[in-house]
Amino acid sequence: MRRVILTIAGTIAGLVALLSFKSHVPTVPSASVSTTGGTSSASGASSSSSSPATVPGEFPMGSLAGKLSAGETSVTGHVANTVYGPVQIQLVMRSSKIVKVAVLQQPMNTIHDIQIGEFAFPKLIGETLTAQTAKIDAVSGASYTSAGYIQSLQSALDNQA
């Protein structure tokens, strides 16, 4: 009888704790990309919703063409259409070596798409700079985004030749 009372009390306590749990929705600044593959610019808190903003994260968003040093060339890959949206990258090359990678377009239909981009693109860019080729590993949990990135990367490398 004592076990039954403890079991019931434990179940009630667990249900109360579960029902009192309040989830929250993470807030992320609005983000958009120019449909022409142009540059994106950061917008302040007082900006209107029609101006594009950079996607938060550690990877550069927008064209790097205007930020080239001497001896550097930029190469833009083709837009790779994935299930979740377009992916397009731009490479900055110096002496046939990849020195920078920028994301021009990425899937941004939902907050989940943006979070996947924040997670996946820094890893993909790091692997690209290390491998200096399009033969890199996909990021687990971002298979479609990784495939689009690799496809756009390969087309940029093909355009560079």
# chains A, B, ... in the order shown; residues from 1 in each chain; ligands from 1
>>> residues_around(residues="Ile136 (chain A)", least_positions_apart="5", cutoff="10 Å", atoms="only C-alpha atoms", output="PyMOL selection string")
chain A and resi 124-128+130-131+146+150
>>> residues_around(residues="Gln132 (chain A)", least_positions_apart="3", cutoff="8 Å", atoms="only C-alpha atoms", output="ChimeraX atom specification")
/A:97-98,128-129
>>> closest_residue(among="A:Gln115, A:Arg2, A:Gly85, A:His78", to="Gln154 (chain A)", atoms="only C-alpha atoms")
A:His78
>>> residues_around(residues="Gln105 (chain A)", least_positions_apart="2", cutoff="6 Å", atoms="only C-alpha atoms", output="PyMOL selection string")
chain A and resi 87-88+103
>>> residues_around(residues="Ala120 (chain A)", least_positions_apart="4", cutoff="7 Å", atoms="only C-alpha atoms", output="mmCIF file with all heavy atoms, in the first residue's frame")
data_model
loop_
_atom_site.group_PDB
_atom_site.id
_atom_site.type_symbol
_atom_site.label_atom_id
_atom_site.label_comp_id
_atom_site.auth_asym_id
_atom_site.auth_seq_id
_atom_site.Cartn_x
_atom_site.Cartn_y
_atom_site.Cartn_z
ATOM 1 N N ILE A 116 20.155 26.043 -39.121
ATOM 2 C CA ILE A 116 20.980 25.031 -39.789
ATOM 3 C C ILE A 116 22.129 25.708 -40.515
ATOM 4 O O ILE A 116 23.271 25.246 -40.468
ATOM 5 C CB ILE A 116 20.127 24.172 -40.742
ATOM 6 C CG1 ILE A 116 19.264 23.210 -39.926
ATOM 7 C CG2 ILE A 116 21.005 23.403 -41.736
ATOM 8 C CD1 ILE A 116 18.302 22.378 -40.739
ATOM 9 N N LEU A 124 31.455 23.900 -43.094
ATOM 10 C CA LEU A 124 31.719 23.663 -44.519
ATOM 11 C C LEU A 124 32.813 24.590 -45.034
ATOM 12 O O LEU A 124 33.699 24.168 -45.783
ATOM 13 C CB LEU A 124 30.436 23.847 -45.327
ATOM 14 C CG LEU A 124 29.346 22.795 -45.086
ATOM 15 C CD1 LEU A 124 28.022 23.254 -45.671
ATOM 16 C CD2 LEU A 124 29.760 21.457 -45.663
ATOM 17 N N VAL A 139 27.851 18.050 -43.527
ATOM 18 C CA VAL A 139 27.589 18.246 -42.102
ATOM 19 C C VAL A 139 26.363 17.427 -41.727
ATOM 20 O O VAL A 139 25.316 17.527 -42.372
ATOM 21 C CB VAL A 139 27.365 19.740 -41.792
ATOM 22 C CG1 VAL A 139 26.971 19.945 -40.343
ATOM 23 C CG2 VAL A 139 28.611 20.546 -42.127
ATOM 24 N N ALA A 142 22.515 18.525 -41.781
ATOM 25 C CA ALA A 142 22.355 19.555 -42.811
ATOM 26 C C ALA A 142 22.722 18.957 -44.166
ATOM 27 O O ALA A 142 23.474 19.541 -44.942
ATOM 28 C CB ALA A 142 23.230 20.763 -42.498
#
>>> atom_distance(atom1="CA of Pro107 (chain A)", atom2="CA of Val83 (chain A)")
9.0 Å
>>> select_by_dssp(residues="region 94-133 of chain A", states="strand (DSSP E)", output="list in words")
Arg94, Lys97, Ile98, Val99, Lys100, Val101, Ala102, Val103, Leu104 and Gln105 of chain A
>>> closest_residue(among="A:Ser96, A:Tyr84, A:Ser140, A:Thr73", to="His112 (chain A)", atoms="only C-alpha atoms")
A:Tyr84
>>> residues_around(residues="Asn81 (chain A)", least_positions_apart="6", cutoff="10 Å", atoms="only C-alpha atoms", output="PDB file with N, CA and C atoms, in the first residue's frame")
ATOM      1  N   VAL A  87      21.248  27.611 -52.581  1.00  0.00           N
ATOM      2  CA  VAL A  87      22.543  27.790 -51.930  1.00  0.00           C
ATOM      3  C   VAL A  87      23.513  28.258 -53.008  1.00  0.00           C
ATOM      4  N   GLN A  88      24.210  29.345 -52.730  1.00  0.00           N
ATOM      5  CA  GLN A  88      25.212  29.855 -53.658  1.00  0.00           C
ATOM      6  C   GLN A  88      26.376  30.402 -52.854  1.00  0.00           C
ATOM      7  N   GLN A 106      21.284  31.299 -49.189  1.00  0.00           N
ATOM      8  CA  GLN A 106      21.088  30.113 -48.354  1.00  0.00           C
ATOM      9  C   GLN A 106      19.596  29.951 -48.110  1.00  0.00           C
ATOM     10  N   PRO A 107      19.139  28.751 -47.767  1.00  0.00           N
ATOM     11  CA  PRO A 107      17.723  28.571 -47.425  1.00  0.00           C
ATOM     12  C   PRO A 107      17.369  29.416 -46.204  1.00  0.00           C
ATOM     13  N   TYR A 144      21.029  18.333 -47.034  1.00  0.00           N
ATOM     14  CA  TYR A 144      20.633  19.035 -48.256  1.00  0.00           C
ATOM     15  C   TYR A 144      21.407  20.340 -48.418  1.00  0.00           C
ATOM     16  N   THR A 145      21.578  21.066 -47.338  1.00  0.00           N
ATOM     17  CA  THR A 145      22.342  22.308 -47.383  1.00  0.00           C
ATOM     18  C   THR A 145      23.795  22.020 -47.750  1.00  0.00           C
ATOM     19  N   ALA A 147      24.915  19.442 -49.478  1.00  0.00           N
ATOM     20  CA  ALA A 147      24.962  19.035 -50.884  1.00  0.00           C
ATOM     21  C   ALA A 147      24.886  20.254 -51.798  1.00  0.00           C
ATOM     22  N   GLY A 148      24.027  21.215 -51.466  1.00  0.00           N
ATOM     23  CA  GLY A 148      23.937  22.442 -52.259  1.00  0.00           C
ATOM     24  C   GLY A 148      25.222  23.247 -52.202  1.00  0.00           C
ATOM     25  N   TYR A 149      25.812  23.343 -51.013  1.00  0.00           N
ATOM     26  CA  TYR A 149      27.075  24.053 -50.845  1.00  0.00           C
ATOM     27  C   TYR A 149      28.169  23.408 -51.693  1.00  0.00           C
ATOM     28  N   GLN A 151      27.831  21.492 -54.315  1.00  0.00           N
ATOM     29  CA  GLN A 151      27.529  21.659 -55.742  1.00  0.00           C
ATOM     30  C   GLN A 151      27.926  23.062 -56.212  1.00  0.00           C
ATOM     31  N   SER A 152      27.594  24.100 -55.436  1.00  0.00           N
ATOM     32  CA  SER A 152      27.962  25.461 -55.803  1.00  0.00           C
ATOM     33  C   SER A 152      29.479  25.653 -55.734  1.00  0.00           C
TER      34      SER A 152
END
